[in-house]
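*Asks:* A single structure is presented below for examination.
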Amino acid sequence: MESMHGAEGQIRLAVLDGNGSMRNLAGSIVDAMDHPCATPLAYHSFEPFYAASTQVRPDVMIVDLETLGQDGHLSRLAAAQPQAFLMAVSTGQSLSRSLSAMEAGAHDVISAGVDPASAAEKIDRFLIQNARPTRADGSRRAARAPSSAAGSGDGEPFRFETFVGGSPRMREVYDQIDRMAPSAAPVFITGESGSGKDLCAAAIHSRSPRRKGPFIAINCAAVPGEQMESELFGHMNSATDGASDMHVGAAEAADGGTLFLDEIGEMDLALQSKLLRFVQTGAVQRVGDTRQRTVDVRIVCATNRDPMTEISEGRFREDLFYRLHVLPVRLPALRDRREDILPLAQAFLARFCVEESRRFLEIAGCAGEKLLTYDWPGNVRQLENAIRQAVVLHDGEALRAEMLPGFLLGEGLSTRLEPLRDGFAAPAAGRPIDEIEPLWAQERRIIETALTAFDGNIAKAAAALEISPSTIYRKRQSWTERMNGTTPAFTAFAG
């Protein structure tokens, strides 16, 4: 984990606490942690907290959601401090608020009355997640891949910043990053989804003269179109109904650092013209304000689309493209750098063994063959999810082929869910139409059967069903609302 510890390796912890109620909780968590901690730094409002975090680079951030306000602030923190464990504290019991905080980047959401020892255990586990799995005799050993894996001479995979893999294609990318990093010119990253465009942007910032400044990332596909201008350029009170304070946009927050615009091809055309003006002038004007502010920002953007196709079909401004497409980087798909598949799988296995308390030490040769021969349309992200699913659902010293997800074994959903098969009723022949269950009811039955099969463990049930744990939480909430008569019929299909 890349971080700046305090004296004698102490962990740095920062607290956002508007009314003082979190300080005792934070102190109790620190007392319960295995890692030695410096005295927590406490801040009363978001902007000073955010500014201080860019200088201190804390290892742990505990934020009160009421003080934080909007989830956009949480996203900014998560993007600017990827090395830190971000724990949100909710004083209410809103499941939807907790889910949105997790989706915005929080690693965990706890209540104000949580057992400090439980919270401390989660933080300690995160802090050692880059450590090697511990064997029964107490010695440490990295998970290893088959002998055909590319890596360094001591069995460790080749690493560059947060990238893993030393294939010729990736070494070319690393060389590009090293040559581009000292410049202030815009960078335009292209590549398929899951190929690591966000890692590339972070590496460029980390190796640039701006590395001590903020790295602000904003996903243009994740922010609704009507909110995008406010998130990018900020707004004043008069621009947003009910706002109690001004909002500093991502462009202004990135002053002195790097602004990463992910999935820029999703940006509305009208906003593209304003972005073009910003790129040309460096001036930011908040929504609802007449004053302009000049900022010093390096822009890095990324897209999984073909820019020239987007331009020819009128979805992307040609003048903006040529302003941004100064230093291009093309990330290869995982199937085009197969030498990196096993080193990546090895790194993911080691990490998830720590997170899930598993004992895996190696990838068996038959499993390695399955990984190497698959085409990975979802690229590195799909490989990461596949290894995580295998680790969550199994244990042992060697990761074997039969432990891998069904899509790697040419199996269908029913085979992947073999442990659940007895819980599903076979469809009755000639069943009357009026007895057919609605889709939401079938979803509920399948999810509840999976939860029963795994003794209520949501993470394992989600892995078996190949959905995210947050999807199960959202489905359960929608079923509760449906039973209370507060949800329209069609909302059960969302998410």
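By convention in this document, the chains of the structure tokens carry letters A, B, ... by their order, each chain's residues are numbered from 1, and ligands are numbered from 1 in the order they are shown.
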Run DSSP on the backbone and grab whatever in range 146-224 of chain A lands in helix (DSSP H, G or I); send it over as a ChimeraX atom specification.

*Replies:* /A:168-180,197-206

*Asks:* Quick one: write out the picked residues with C-alpha atoms as a PDB file, in the first residue's frame?

*Replies:*
ATOM      1  CA  PRO A 168       6.124  -6.483 -24.334  1.00  0.00           C
ATOM      2  CA  ARG A 169       2.830  -4.714 -25.074  1.00  0.00           C
ATOM      3  CA  MET A 170       2.557  -3.414 -21.500  1.00  0.00           C
ATOM      4  CA  ARG A 171       6.225  -2.443 -21.321  1.00  0.00           C
ATOM      5  CA  GLU A 172       5.555  -0.203 -24.311  1.00  0.00           C
ATOM      6  CA  VAL A 173       2.709   1.394 -22.364  1.00  0.00           C
ATOM      7  CA  TYR A 174       4.943   1.864 -19.311  1.00  0.00           C
ATOM      8  CA  ASP A 175       7.539   3.547 -21.501  1.00  0.00           C
ATOM      9  CA  GLN A 176       4.868   5.866 -22.896  1.00  0.00           C
ATOM     10  CA  ILE A 177       3.728   6.768 -19.400  1.00  0.00           C
ATOM     11  CA  ASP A 178       7.293   7.580 -18.321  1.00  0.00           C
ATOM     12  CA  ARG A 179       7.810   9.808 -21.356  1.00  0.00           C
ATOM     13  CA  MET A 180       4.433  11.553 -21.051  1.00  0.00           C
ATOM     14  CA  LYS A 197      -7.495   3.065 -18.186  1.00  0.00           C
ATOM     15  CA  ASP A 198      -7.960   4.397 -14.644  1.00  0.00           C
ATOM     16  CA  LEU A 199      -4.668   2.801 -13.557  1.00  0.00           C
ATOM     17  CA  CYS A 200      -2.942   4.421 -16.518  1.00  0.00           C
ATOM     18  CA  ALA A 201      -4.263   7.858 -15.572  1.00  0.00           C
ATOM     19  CA  ALA A 202      -3.189   7.417 -11.948  1.00  0.00           C
ATOM     20  CA  ALA A 203       0.284   6.245 -13.038  1.00  0.00           C
ATOM     21  CA  ILE A 204       0.753   9.323 -15.245  1.00  0.00           C
ATOM     22  CA  HIS A 205      -0.150  11.552 -12.300  1.00  0.00           C
ATOM     23  CA  SER A 206       2.028   9.600  -9.857  1.00  0.00           C
TER      24      SER A 206
END

*Asks:* Pull the closest atom pair for each residue of range 153-271 of chain A that gets at most 10 Å from range 45-48 of chain A, along with the distance in Å to one decimal, counting only C-alpha atoms, ordering rows by chain and then ascending residue number, as a tab-separated table.

*Replies:*
residue	atom	partner	partner_atom	distance
A:His247	CA	A:Glu47	CA	9.5
A:Val248	CA	A:Glu47	CA	8.6
A:Ala253	CA	A:Glu47	CA	9.4

*Asks:* Write out as a ChimeraX atom specification which residues come within 9 Å of Ala386 in chain A when counting only C-alpha atoms, dropping same-chain ones fewer than 4 positions away.

*Replies:* /A:381-382,390-391,404-405,408

*Asks:* Using only C-alpha atoms, which protein or nucleic acid residues come within 10 Å of Arg305 in chain A? Drop anything in the same chain fewer than 3 positions from it, and give the result as a list in words.

*Replies:*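 My list of contacting residues is Thr190, Gly191, Glu192, Ser193, Glu263, Ile264, Gly265, Glu266, Ala302, Met308, Thr309 and Glu310 of chain A.
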
*Asks:* Report the distance between CA of Arg57 in chain A and CA of Gln81 in chain A in Å, rounded to one decimal place.

*Replies:*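 Value for the CA of Arg57 in chain A-CA of Gln81 in chain A distance: 6.7 Å.
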
*Asks:* Can you pull out every residue from range 283-369 of chain A that DSSP, working from the backbone, puts in strand (DSSP E), and format the result as a PyMOL selection string?

*Replies:* chain A and resi 283-284+293-294+298-303+327-330+362-363

*Asks:* For Gly456 in chain A, find every residue with an atom within 12 Å (counting only C-alpha atoms), except residues of its own chain fewer than 5 positions away, and show them as a CSV table (one decimal) with N, CA and C atoms, in the first residue's frame.

*Replies:*
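Produced file around_8.csv, reproduced below:
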chain,number,residue,atom,x,y,z
A,447,ILE,N,-32.8,-15.7,-5.3
A,447,ILE,CA,-31.8,-15.1,-4.4
A,447,ILE,C,-31.9,-15.6,-3.0
A,448,GLU,N,-33.2,-15.8,-2.5
A,448,GLU,CA,-33.4,-16.4,-1.2
A,448,GLU,C,-32.9,-17.8,-1.1
A,449,THR,N,-33.0,-18.6,-2.2
A,449,THR,CA,-32.5,-19.9,-2.2
A,449,THR,C,-31.0,-19.9,-2.1
A,450,ALA,N,-30.4,-19.0,-2.8
A,450,ALA,CA,-28.9,-18.9,-2.7
A,450,ALA,C,-28.4,-18.5,-1.3
A,451,LEU,N,-29.2,-17.6,-0.7
A,451,LEU,CA,-28.8,-17.1,0.6
A,451,LEU,C,-28.9,-18.3,1.6
A,461,ALA,N,-23.3,-15.8,-1.7
A,461,ALA,CA,-24.5,-15.9,-2.6
A,461,ALA,C,-24.4,-15.1,-3.8
A,462,ALA,N,-23.9,-13.8,-3.7
A,462,ALA,CA,-23.7,-12.9,-4.8
A,462,ALA,C,-22.7,-13.5,-5.8
A,469,PRO,N,-22.9,-7.9,-4.3
A,469,PRO,CA,-23.7,-7.9,-3.1
A,469,PRO,C,-24.6,-6.8,-3.0
A,472,ILE,N,-28.1,-7.5,-4.3
A,472,ILE,CA,-29.0,-8.3,-3.3
A,472,ILE,C,-29.6,-7.3,-2.3

*Asks:* Go ahead and compute the interatomic distance for CA of Asp17 in chain A and CA of His44 in chain A, in Å to one decimal.

*Replies:*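 CA of His44 in chain A lies at a distance of 5.3 Å from CA of Asp17 in chain A.
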
*Asks:* Would you mind telling me which residue in A:Leu13, A:Ala250, A:Leu371, A:Ala283 lies nearest to Pro36 in chain A when using only C-alpha atoms?

*Replies:*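 Comparing A:Leu13, A:Ala250, A:Leu371, A:Ala283 against Pro36 in chain A, the winner is A:Leu13.
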
*Asks:* Which residues are near Asp124 in chain A? Cut-off 7 Å, only C-alpha atoms, ignore same chain within fewer than 3 positions. Put them as number ranges by chain.

*Replies:* A: 33-35, 120-121, 127-128

*Asks:* Please compute the CA of Tyr50 in chain A-CA of Leu77 in chain A distance, one decimal, in Å.

*Replies:* 6.9 Å

*Asks:* Neighbouring residues of Phe233 in chain A were defined as those with any atom within 6 Å, considering only C-alpha atoms; residues of the same chain fewer than 3 positions away were excluded. Please report them as a PyMOL selection string.

*Replies:* chain A and resi 229-230+249+251+286

*Asks:* Given only C-alpha atoms as the basis, pick out the residue of A:Ser75, A:Ser183, A:Gln285, A:Thr91 nearest to Ala222 in chain A.

*Replies:*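 Looking at the shortest contact to Ala222 in chain A, the residue is A:Ser75.
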
*Asks:* Restrict the calculation to only C-alpha atoms, then for each residue of range 195-314 of chain A with any atom at most 12 Å from an atom of range 103-118 of chain A give the closest atom pair and their distance in Å to one decimal, rows by chain and rising residue number, as a Markdown table.

*Replies:*
| residue | atom | partner | partner_atom | distance |
| --- | --- | --- | --- | --- |
| A:Ala217 | CA | A:Gly105 | CA | 11.8 |
| A:Ile218 | CA | A:Ala104 | CA | 11.0 |
| A:Asn219 | CA | A:Ala104 | CA | 10.9 |
| A:Ala222 | CA | A:Ala104 | CA | 9.9 |
| A:Val223 | CA | A:Ala104 | CA | 10.9 |

*Asks:* For the residues in the current selection, export C-alpha atoms as a compact mmCIF listing (two decimals), in the first residue's frame.

*Replies:*
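Written out: selection.txt:
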# COMPACT_ATOMS: atom_id res chain seq x y z
CA ALA A 217 -11.35 11.55 -11.18
CA ILE A 218 -14.88 11.96 -12.48
CA ASN A 219 -16.76 9.26 -14.38
CA ALA A 222 -21.90 7.72 -13.81
CA VAL A 223 -23.11 11.30 -13.33
